[in-house]
Amino acid sequence: MSDAKRPDIVQPALDPNATLDAQEAWLAGAADGLRHNGLVVLPNAIPLPRIPPVLTALSGRRIGSDDEDGRKFRPAPLRPRVLVPLDGPFADPAVFAPPSALALARRLLGPEMIIGEIGAMILQPGDGPHEARRAAIPLFGGLDVEGDVPPAALTMLAPLGDVGTGMGFPEYWVGSHRTRRGVADMTVPPFQPALETGSVVMCDWRTLYRAGVNTSGATLLTLYVSFQRKWLISLAGSEYQPGLRVPQASFKRLQEAYHPLVSWALHQNKTDDVSEFVHLWMGRAVKRLRAARGG
Amino acid sequence: MVAKTAAVTLEDLSRDAMAADLSAAERQAWIEDALACIRLHGAVVVRNAIPPAVIAAVNEEFRVRHDVHMAPGQKKLFRRFQSDPLRAQVPTAVAGPVANPDFFAPPSVVALARELVGDDFVIGDMGVVISHGGATRQEAHRDSSPLFDGLEMDLDLPIFCLMVLVPLIDVSVDMGPTEYWPGSHRIRDTGLAMSVPPIQVPVEAGTVCLHDSRLVHRGGNNVAGPVRPLLYFGFHRSWHFDDDGFAYKPQIRITEAMLERLPEEHRQRFRWALHLNRVENVSEFVGLWVRRIRRTLSGQGYV
């Protein structure tokens, strides 16, 4: 049996028409799988028609866009990471918070969970290999107890195309979220998910992973969303820049049920400096002008 | 556990501040002793942690900067945190005498904070609670919510937020000093933790009370006055953000200009909060600058 078929790791997507009991059973199974393995794969989590608009929106923001955001981190020259505003096709709940992923995140992180970051990774041909790492920061100086507590954050990775071997998509050490930093057994081969468009990977932020080598000759765009407990501010690499851009206008358009996930970030997109303020509004004016011209 | 808490006295919690001329070994011994106290009882009281002149300067400035809350007989002691109309809670600007590191980061306190919440700790909330004569005692409470949904293991975890209380005047028993339930940071059931009487902590100005944010405590009733200002700081692990009750105000008032005026080694403690003090729309922005100009022209400082 291939890794991708492990019953605990690959969970069928939640059927919204299922009975409450069936939904609860699904949730319990998926949560157990994630607690046990440190990740789960949810096939068909994002409806296929929702993906092309996201790809189109990202196509103009490939390389160098993260510099415009003033963000310091770029994991590798051929693997830029860009922040995407919660706007346009990204503001579609089916994309940034698919029902099965959202339900699972709420089960594991509690009802007050927030979305801390939304962005895209651009895996270009020739990228990799990379060092194995964890997304988590040590909460208590790396004590053993950090492996025992429930997750503080879950990362959702949603490839915007089919993922085969050699495309640079991350590979994961199953169960490593429970091990201390630096002592995970890396002699065990990592799990390499093979995914179809619309699938998402939900991963405990402590799980050890490694971005693979992209030998495919093609670029893979992957959306990432960080679901996290509301008290977690992970500043690693972000230099106090907001991890989530939420324009007021998009926030107003967003269904109210999703407001608690992102409202925390509204103030992060504000300024108290005259020049910054003018710049902010000039940017908005230019954007509207371009939109009016159909650009 | 409960039987133990009943036997704890104020003297058990109290220490003199670390003297400046201690040897490295003596200094380490002082730190270890105070750490053991706070881990066991959830609190430690450090006498003479802040020089009297430093405290007096802050107190004097507060009578001007926070006149609307400090002057007796005020009607608008509003803040969502405090249900008692005679007790105000307002965030404090990191400016003037408050921005003196001898005040917000005295050596004894910083030495303990580094050990308890990490070298890179941030000051996550900062303000003043001003209780007037007649203020009743607060409801007993903890200063933080559990990290992991209130699981049993939440109480076994190391501390993630160290609260620092700094009364600006001498506080006698009838002025409503802070009351602690020692050991309650490790007791999940708040009712059980409160089954013994609390310890009252009357102090002289310059004393600093530190407690684990999970400790059950309350402000006492200020029977007759005078107006009693108490500064509070939350020293948080760098990843911990607390927005409970802060929906309508920033946890800290700080601007770029205030940050620039701080000694460099302290800026990282506050930098995270800059964005909380920003605005987005034109009217909010104009309002912010009009307030600043008015306060500057009236000699009340730049807030």
# chains A, B, ... in the order shown; residues from 1 in each chain; ligands from 1
call {"tool": "residues_around", "arguments": {"residues": "range 126-134 of chain B", "least_positions_apart": "4", "cutoff": "7 Å", "atoms": "only C-alpha atoms", "output": "JSON, numbers by chain"}}
result
{"B": [70, 86, 87, 88, 89, 90, 91, 92, 222, 223, 224, 225, 226, 227, 228, 229, 230, 231, 232, 233, 234, 251, 252]}
call {"tool": "write_last_selection", "arguments": {"atoms": "N, CA and C atoms", "output": "PDB file, in the first residue's frame"}}
result
ATOM      1  N   MET B  70      -7.725  60.476  37.441  1.00  0.00           N
ATOM      2  CA  MET B  70      -7.101  60.550  38.761  1.00  0.00           C
ATOM      3  C   MET B  70      -7.821  61.505  39.712  1.00  0.00           C
ATOM      4  N   LEU B  86     -15.998  53.204  40.207  1.00  0.00           N
ATOM      5  CA  LEU B  86     -14.947  53.917  40.944  1.00  0.00           C
ATOM      6  C   LEU B  86     -13.559  53.338  40.670  1.00  0.00           C
ATOM      7  N   ARG B  87     -13.470  52.482  39.680  1.00  0.00           N
ATOM      8  CA  ARG B  87     -12.163  51.912  39.335  1.00  0.00           C
ATOM      9  C   ARG B  87     -11.961  52.028  37.820  1.00  0.00           C
ATOM     10  N   ALA B  88     -10.972  52.796  37.407  1.00  0.00           N
ATOM     11  CA  ALA B  88     -10.691  52.986  35.978  1.00  0.00           C
ATOM     12  C   ALA B  88      -9.545  52.083  35.562  1.00  0.00           C
ATOM     13  N   GLN B  89      -9.594  51.647  34.341  1.00  0.00           N
ATOM     14  CA  GLN B  89      -8.438  50.926  33.786  1.00  0.00           C
ATOM     15  C   GLN B  89      -8.162  51.503  32.401  1.00  0.00           C
ATOM     16  N   VAL B  90      -6.996  52.069  32.235  1.00  0.00           N
ATOM     17  CA  VAL B  90      -6.659  52.702  30.959  1.00  0.00           C
ATOM     18  C   VAL B  90      -5.263  52.291  30.515  1.00  0.00           C
ATOM     19  N   PRO B  91      -5.083  52.132  29.205  1.00  0.00           N
ATOM     20  CA  PRO B  91      -3.724  51.843  28.731  1.00  0.00           C
ATOM     21  C   PRO B  91      -2.835  53.069  28.926  1.00  0.00           C
ATOM     22  N   THR B  92      -1.566  52.840  29.092  1.00  0.00           N
ATOM     23  CA  THR B  92      -0.632  53.924  29.399  1.00  0.00           C
ATOM     24  C   THR B  92       0.345  54.095  28.247  1.00  0.00           C
ATOM     25  N   ASN B 222     -11.147  49.637  48.334  1.00  0.00           N
ATOM     26  CA  ASN B 222     -10.498  50.860  48.794  1.00  0.00           C
ATOM     27  C   ASN B 222     -11.516  51.567  49.684  1.00  0.00           C
ATOM     28  N   VAL B 223     -11.416  51.320  50.977  1.00  0.00           N
ATOM     29  CA  VAL B 223     -12.483  51.742  51.894  1.00  0.00           C
ATOM     30  C   VAL B 223     -12.692  53.257  51.851  1.00  0.00           C
ATOM     31  N   ALA B 224     -11.616  54.013  52.003  1.00  0.00           N
ATOM     32  CA  ALA B 224     -11.818  55.450  52.133  1.00  0.00           C
ATOM     33  C   ALA B 224     -10.920  56.288  51.233  1.00  0.00           C
ATOM     34  N   GLY B 225     -10.108  55.685  50.428  1.00  0.00           N
ATOM     35  CA  GLY B 225      -9.159  56.454  49.627  1.00  0.00           C
ATOM     36  C   GLY B 225      -7.821  56.506  50.337  1.00  0.00           C
ATOM     37  N   PRO B 226      -6.857  57.243  49.800  1.00  0.00           N
ATOM     38  CA  PRO B 226      -6.962  58.163  48.666  1.00  0.00           C
ATOM     39  C   PRO B 226      -6.993  57.420  47.327  1.00  0.00           C
ATOM     40  N   VAL B 227      -7.029  58.195  46.231  1.00  0.00           N
ATOM     41  CA  VAL B 227      -6.988  57.608  44.891  1.00  0.00           C
ATOM     42  C   VAL B 227      -5.709  56.790  44.769  1.00  0.00           C
ATOM     43  N   ARG B 228      -5.874  55.548  44.310  1.00  0.00           N
ATOM     44  CA  ARG B 228      -4.741  54.613  44.335  1.00  0.00           C
ATOM     45  C   ARG B 228      -4.409  54.128  42.930  1.00  0.00           C
ATOM     46  N   PRO B 229      -3.401  54.716  42.308  1.00  0.00           N
ATOM     47  CA  PRO B 229      -3.011  54.239  40.971  1.00  0.00           C
ATOM     48  C   PRO B 229      -2.041  53.060  41.051  1.00  0.00           C
ATOM     49  N   LEU B 230      -2.256  52.107  40.210  1.00  0.00           N
ATOM     50  CA  LEU B 230      -1.384  50.925  40.165  1.00  0.00           C
ATOM     51  C   LEU B 230      -1.075  50.611  38.700  1.00  0.00           C
ATOM     52  N   LEU B 231       0.184  50.671  38.369  1.00  0.00           N
ATOM     53  CA  LEU B 231       0.596  50.325  37.003  1.00  0.00           C
ATOM     54  C   LEU B 231       0.673  48.811  36.869  1.00  0.00           C
ATOM     55  N   TYR B 232       0.309  48.319  35.700  1.00  0.00           N
ATOM     56  CA  TYR B 232       0.502  46.887  35.456  1.00  0.00           C
ATOM     57  C   TYR B 232       1.208  46.691  34.126  1.00  0.00           C
ATOM     58  N   PHE B 233       2.028  45.673  34.085  1.00  0.00           N
ATOM     59  CA  PHE B 233       2.709  45.276  32.848  1.00  0.00           C
ATOM     60  C   PHE B 233       2.494  43.784  32.678  1.00  0.00           C
ATOM     61  N   GLY B 234       2.273  43.344  31.470  1.00  0.00           N
ATOM     62  CA  GLY B 234       2.255  41.905  31.189  1.00  0.00           C
ATOM     63  C   GLY B 234       3.521  41.553  30.430  1.00  0.00           C
ATOM     64  N   GLN B 251      -3.632  47.329  23.716  1.00  0.00           N
ATOM     65  CA  GLN B 251      -3.046  46.824  24.962  1.00  0.00           C
ATOM     66  C   GLN B 251      -1.949  47.749  25.459  1.00  0.00           C
ATOM     67  N   ILE B 252      -1.294  48.414  24.505  1.00  0.00           N
ATOM     68  CA  ILE B 252      -0.204  49.339  24.828  1.00  0.00           C
ATOM     69  C   ILE B 252      -0.335  50.550  23.924  1.00  0.00           C
TER      70      ILE B 252
END
call {"tool": "residues_around", "arguments": {"residues": "Gly124 in chain B", "least_positions_apart": "3", "cutoff": "12 Å", "atoms": "only C-alpha atoms", "output": "MDAnalysis selection string"}}
result
(chainID A and resid 231 233) or (chainID B and resid 91 117 121 127 144 160:164 232:244 246 250:254 268:274 276)
call {"tool": "residues_around", "arguments": {"residues": "range 41-50 of chain A", "least_positions_apart": "6", "cutoff": "8 Å", "atoms": "only C-alpha atoms", "output": "mmCIF file with all heavy atoms, in the first residue's frame"}}
result
data_model
loop_
_atom_site.group_PDB
_atom_site.id
_atom_site.type_symbol
_atom_site.label_atom_id
_atom_site.label_comp_id
_atom_site.auth_asym_id
_atom_site.auth_seq_id
_atom_site.Cartn_x
_atom_site.Cartn_y
_atom_site.Cartn_z
ATOM 1 N N ILE A 9 -4.062 8.769 7.051
ATOM 2 C CA ILE A 9 -3.533 10.022 6.499
ATOM 3 C C ILE A 9 -4.483 10.594 5.456
ATOM 4 O O ILE A 9 -4.742 11.786 5.424
ATOM 5 C CB ILE A 9 -2.125 9.807 5.881
ATOM 6 C CG1 ILE A 9 -1.133 9.458 6.992
ATOM 7 C CG2 ILE A 9 -1.670 11.056 5.151
ATOM 8 C CD1 ILE A 9 0.286 9.283 6.519
ATOM 9 N N VAL A 10 -4.990 9.741 4.610
ATOM 10 C CA VAL A 10 -5.897 10.237 3.566
ATOM 11 C C VAL A 10 -7.336 10.059 4.041
ATOM 12 O O VAL A 10 -7.791 8.950 4.295
ATOM 13 C CB VAL A 10 -5.674 9.484 2.242
ATOM 14 C CG1 VAL A 10 -6.599 10.031 1.167
ATOM 15 C CG2 VAL A 10 -4.222 9.608 1.807
ATOM 16 N N GLN A 11 -8.013 11.162 4.192
ATOM 17 C CA GLN A 11 -9.402 11.132 4.647
ATOM 18 C C GLN A 11 -10.286 11.635 3.512
ATOM 19 O O GLN A 11 -9.943 12.631 2.882
ATOM 20 C CB GLN A 11 -9.578 12.079 5.847
ATOM 21 C CG GLN A 11 -8.694 11.763 7.023
ATOM 22 C CD GLN A 11 -9.254 10.647 7.876
ATOM 23 O OE1 GLN A 11 -10.459 10.385 7.851
ATOM 24 N NE2 GLN A 11 -8.392 9.989 8.623
ATOM 25 N N PRO A 12 -11.400 10.991 3.269
ATOM 26 C CA PRO A 12 -12.304 11.552 2.256
ATOM 27 C C PRO A 12 -12.828 12.899 2.739
ATOM 28 O O PRO A 12 -12.916 13.134 3.941
ATOM 29 C CB PRO A 12 -13.437 10.524 2.190
ATOM 30 C CG PRO A 12 -13.397 9.831 3.508
ATOM 31 C CD PRO A 12 -11.962 9.822 3.947
ATOM 32 N N ALA A 13 -13.131 13.783 1.806
ATOM 33 C CA ALA A 13 -13.628 15.103 2.204
ATOM 34 C C ALA A 13 -14.975 14.968 2.913
ATOM 35 O O ALA A 13 -15.738 14.034 2.661
ATOM 36 C CB ALA A 13 -13.761 16.003 0.989
ATOM 37 N N LEU A 14 -15.251 15.884 3.791
ATOM 38 C CA LEU A 14 -16.500 15.897 4.540
ATOM 39 C C LEU A 14 -17.670 16.132 3.584
ATOM 40 O O LEU A 14 -17.637 17.057 2.769
ATOM 41 C CB LEU A 14 -16.430 17.034 5.571
ATOM 42 C CG LEU A 14 -17.666 17.335 6.396
ATOM 43 C CD1 LEU A 14 -18.017 16.161 7.309
ATOM 44 C CD2 LEU A 14 -17.419 18.580 7.239
ATOM 45 N N PRO A 89 -10.600 36.282 -5.707
ATOM 46 C CA PRO A 89 -10.838 34.838 -5.592
ATOM 47 C C PRO A 89 -10.265 34.232 -4.307
ATOM 48 O O PRO A 89 -10.708 33.176 -3.872
ATOM 49 C CB PRO A 89 -10.123 34.264 -6.815
ATOM 50 C CG PRO A 89 -9.190 35.322 -7.279
ATOM 51 C CD PRO A 89 -9.769 36.621 -6.860
ATOM 52 N N ALA A 94 -14.589 28.900 0.078
ATOM 53 C CA ALA A 94 -14.327 27.546 -0.421
ATOM 54 C C ALA A 94 -12.847 27.358 -0.729
ATOM 55 O O ALA A 94 -12.350 26.231 -0.809
ATOM 56 C CB ALA A 94 -15.155 27.275 -1.674
ATOM 57 N N VAL A 95 -12.134 28.478 -0.887
ATOM 58 C CA VAL A 95 -10.708 28.414 -1.199
ATOM 59 C C VAL A 95 -9.853 28.550 0.065
ATOM 60 O O VAL A 95 -8.986 27.723 0.342
ATOM 61 C CB VAL A 95 -10.324 29.535 -2.207
ATOM 62 C CG1 VAL A 95 -8.811 29.616 -2.379
ATOM 63 C CG2 VAL A 95 -11.008 29.278 -3.534
ATOM 64 N N PRO A 98 -11.898 25.748 3.166
ATOM 65 C CA PRO A 98 -12.827 24.709 2.710
ATOM 66 C C PRO A 98 -13.509 24.042 3.913
ATOM 67 O O PRO A 98 -12.862 23.875 4.953
ATOM 68 C CB PRO A 98 -11.917 23.702 1.994
ATOM 69 C CG PRO A 98 -10.610 24.385 1.792
ATOM 70 C CD PRO A 98 -10.507 25.492 2.778
ATOM 71 N N PRO A 99 -14.790 23.682 3.778
ATOM 72 C CA PRO A 99 -15.541 23.205 4.943
ATOM 73 C C PRO A 99 -14.853 22.078 5.720
ATOM 74 O O PRO A 99 -14.837 22.099 6.953
ATOM 75 C CB PRO A 99 -16.866 22.723 4.332
ATOM 76 C CG PRO A 99 -16.996 23.502 3.085
ATOM 77 C CD PRO A 99 -15.622 23.754 2.571
ATOM 78 N N SER A 100 -14.289 21.094 5.015
ATOM 79 C CA SER A 100 -13.685 19.978 5.757
ATOM 80 C C SER A 100 -12.434 20.431 6.505
ATOM 81 O O SER A 100 -12.199 20.046 7.657
ATOM 82 C CB SER A 100 -13.362 18.815 4.817
ATOM 83 O OG SER A 100 -12.724 19.269 3.656
ATOM 84 N N ALA A 101 -11.640 21.291 5.884
ATOM 85 C CA ALA A 101 -10.433 21.780 6.547
ATOM 86 C C ALA A 101 -10.796 22.666 7.735
ATOM 87 O O ALA A 101 -10.186 22.575 8.815
ATOM 88 C CB ALA A 101 -9.574 22.559 5.555
ATOM 89 N N PRO A 193 3.157 12.962 -0.412
ATOM 90 C CA PRO A 193 1.782 12.850 -0.912
ATOM 91 C C PRO A 193 1.709 13.038 -2.431
ATOM 92 O O PRO A 193 2.418 13.872 -2.989
ATOM 93 C CB PRO A 193 1.044 13.982 -0.185
ATOM 94 C CG PRO A 193 2.081 14.923 0.271
ATOM 95 C CD PRO A 193 3.379 14.197 0.346
ATOM 96 N N LEU A 195 -1.051 14.164 -5.000
ATOM 97 C CA LEU A 195 -2.325 14.857 -4.811
ATOM 98 C C LEU A 195 -2.922 15.280 -6.145
ATOM 99 O O LEU A 195 -2.194 15.622 -7.081
ATOM 100 C CB LEU A 195 -2.104 16.124 -3.967
ATOM 101 C CG LEU A 195 -1.415 15.933 -2.614
ATOM 102 C CD1 LEU A 195 -0.975 17.282 -2.056
ATOM 103 C CD2 LEU A 195 -2.342 15.249 -1.641
ATOM 104 N N GLU A 196 -4.247 15.280 -6.183
ATOM 105 C CA GLU A 196 -4.926 15.852 -7.343
ATOM 106 C C GLU A 196 -5.397 17.255 -7.002
ATOM 107 O O GLU A 196 -5.625 17.570 -5.824
ATOM 108 C CB GLU A 196 -6.109 14.965 -7.728
ATOM 109 C CG GLU A 196 -5.644 13.626 -8.285
ATOM 110 C CD GLU A 196 -6.801 12.739 -8.722
ATOM 111 O OE1 GLU A 196 -7.959 13.118 -8.488
ATOM 112 O OE2 GLU A 196 -6.518 11.673 -9.291
ATOM 113 N N THR A 197 -5.536 18.055 -8.013
ATOM 114 C CA THR A 197 -5.997 19.431 -7.798
ATOM 115 C C THR A 197 -7.281 19.416 -6.963
ATOM 116 O O THR A 197 -8.180 18.616 -7.212
ATOM 117 C CB THR A 197 -6.301 20.097 -9.157
ATOM 118 O OG1 THR A 197 -5.175 19.886 -10.000
ATOM 119 C CG2 THR A 197 -6.549 21.582 -8.999
ATOM 120 N N GLY A 198 -7.335 20.304 -5.987
ATOM 121 C CA GLY A 198 -8.506 20.357 -5.112
ATOM 122 C C GLY A 198 -8.237 19.697 -3.769
ATOM 123 O O GLY A 198 -8.973 19.927 -2.807
ATOM 124 N N SER A 199 -7.170 18.899 -3.698
ATOM 125 C CA SER A 199 -6.822 18.268 -2.418
ATOM 126 C C SER A 199 -6.074 19.275 -1.556
ATOM 127 O O SER A 199 -5.417 20.189 -2.072
ATOM 128 C CB SER A 199 -5.896 17.073 -2.645
ATOM 129 O OG SER A 199 -6.505 16.137 -3.492
ATOM 130 N N VAL A 200 -6.163 19.082 -0.261
ATOM 131 C CA VAL A 200 -5.348 19.898 0.644
ATOM 132 C C VAL A 200 -4.654 18.991 1.646
ATOM 133 O O VAL A 200 -5.134 17.900 1.960
ATOM 134 C CB VAL A 200 -6.170 20.972 1.407
ATOM 135 C CG1 VAL A 200 -6.904 21.886 0.439
ATOM 136 C CG2 VAL A 200 -7.142 20.347 2.403
ATOM 137 N N VAL A 201 -3.511 19.459 2.134
ATOM 138 C CA VAL A 201 -2.811 18.776 3.228
ATOM 139 C C VAL A 201 -2.989 19.638 4.462
ATOM 140 O O VAL A 201 -2.714 20.837 4.427
ATOM 141 C CB VAL A 201 -1.306 18.619 2.913
ATOM 142 C CG1 VAL A 201 -0.565 18.021 4.106
ATOM 143 C CG2 VAL A 201 -1.103 17.749 1.687
ATOM 144 N N MET A 202 -3.450 19.022 5.548
ATOM 145 C CA MET A 202 -3.537 19.722 6.835
ATOM 146 C C MET A 202 -2.433 19.160 7.720
ATOM 147 O O MET A 202 -2.382 17.945 7.962
ATOM 148 C CB MET A 202 -4.896 19.475 7.484
ATOM 149 C CG MET A 202 -6.053 20.096 6.746
ATOM 150 S SD MET A 202 -6.103 21.893 6.883
ATOM 151 C CE MET A 202 -6.680 22.096 8.559
#
call {"tool": "closest_residue", "arguments": {"among": "B:Asp156, B:Glu115, B:Asp84, B:Asp102", "to": "Gly206 in chain B", "atoms": "only C-alpha atoms"}}
result
B:Asp102
call {"tool": "residues_around", "arguments": {"residues": "range 184-200 of chain B", "least_positions_apart": "6", "cutoff": "10 Å", "atoms": "only C-alpha atoms", "output": "MDAnalysis selection string"}}
result
chainID B and resid 1:10 13 38:43 140:142 146 150:157 159 172:173 176:178 211:220
call {"tool": "select_by_dssp", "arguments": {"residues": "range 183-258 of chain A", "states": "strand (DSSP E or B)", "output": "VMD selection string"}}
result
chain A and resid 191 195 200 to 204 209 to 210 214 220 to 228 232
call {"tool": "residues_around", "arguments": {"residues": "range 105-111 of chain B", "least_positions_apart": "6", "cutoff": "7 Å", "atoms": "only C-alpha atoms", "output": "PDB file with all heavy atoms, in the first residue's frame"}}
result
ATOM      1  N   ALA B  17      14.787  43.512  46.918  1.00  0.00           N
ATOM      2  CA  ALA B  17      15.302  43.511  45.535  1.00  0.00           C
ATOM      3  C   ALA B  17      16.768  43.102  45.521  1.00  0.00           C
ATOM      4  O   ALA B  17      17.478  43.243  46.520  1.00  0.00           O
ATOM      5  CB  ALA B  17      15.137  44.892  44.921  1.00  0.00           C
ATOM      6  N   MET B  18      17.177  42.612  44.384  1.00  0.00           N
ATOM      7  CA  MET B  18      18.567  42.206  44.196  1.00  0.00           C
ATOM      8  C   MET B  18      19.459  43.454  44.331  1.00  0.00           C
ATOM      9  O   MET B  18      19.251  44.437  43.620  1.00  0.00           O
ATOM     10  CB  MET B  18      18.661  41.632  42.780  1.00  0.00           C
ATOM     11  CG  MET B  18      19.854  40.816  42.526  1.00  0.00           C
ATOM     12  SD  MET B  18      19.629  39.795  41.046  1.00  0.00           S
ATOM     13  CE  MET B  18      18.921  40.886  39.847  1.00  0.00           C
ATOM     14  N   ALA B  49      12.200  47.567  44.619  1.00  0.00           N
ATOM     15  CA  ALA B  49      12.654  47.225  43.264  1.00  0.00           C
ATOM     16  C   ALA B  49      12.845  48.474  42.412  1.00  0.00           C
ATOM     17  O   ALA B  49      13.664  48.495  41.501  1.00  0.00           O
ATOM     18  CB  ALA B  49      11.648  46.289  42.608  1.00  0.00           C
ATOM     19  N   ILE B  50      12.055  49.534  42.725  1.00  0.00           N
ATOM     20  CA  ILE B  50      12.118  50.767  41.929  1.00  0.00           C
ATOM     21  C   ILE B  50      12.468  51.929  42.866  1.00  0.00           C
ATOM     22  O   ILE B  50      11.837  52.082  43.922  1.00  0.00           O
ATOM     23  CB  ILE B  50      10.766  51.033  41.238  1.00  0.00           C
ATOM     24  CG1 ILE B  50      10.385  49.843  40.342  1.00  0.00           C
ATOM     25  CG2 ILE B  50      10.813  52.323  40.423  1.00  0.00           C
ATOM     26  CD1 ILE B  50       9.029  49.961  39.691  1.00  0.00           C
TER      27      ILE B  50
END
call {"tool": "closest_residue", "arguments": {"among": "B:His69, B:Glu179, B:Pro158, B:Pro167", "to": "chain A", "atoms": "only C-alpha atoms"}}
result
B:Pro158
call {"tool": "closest_residue", "arguments": {"among": "B:Gly287, B:Gly118, B:Pro97, B:Pro52", "to": "chain A", "atoms": "only C-alpha atoms"}}
result
B:Gly118
call {"tool": "residues_around", "arguments": {"residues": "Asp185 in chain A", "least_positions_apart": "4", "cutoff": "10 Å", "atoms": "only C-alpha atoms", "output": "VMD selection string"}}
result
chain A and resid 173 to 176 179 189 to 190 208
call {"tool": "atom_distance", "arguments": {"atom1": "CA of Leu58 in chain A", "atom2": "CA of Leu254 in chain A"}}
result
20.1 Å
call {"tool": "closest_residue", "arguments": {"among": "A:Gly294, A:Pro150, A:Pro260, A:Gly38", "to": "Phe191 in chain A", "atoms": "only C-alpha atoms"}}
result
A:Gly38
call {"tool": "closest_residue", "arguments": {"among": "B:Asp170, B:Asp33, B:Asp119, B:Glu139", "to": "chain A", "atoms": "only C-alpha atoms"}}
result
B:Asp119
call {"tool": "select_by_dssp", "arguments": {"residues": "range 34-223 of chain B", "states": "helix (DSSP H, G or I)", "output": "VMD selection string"}}
result
chain B and resid 34 to 41 52 to 65 67 to 70 96 to 99 101 to 104 107 to 117 152 to 155 173 to 175 184 to 186 190 to 193
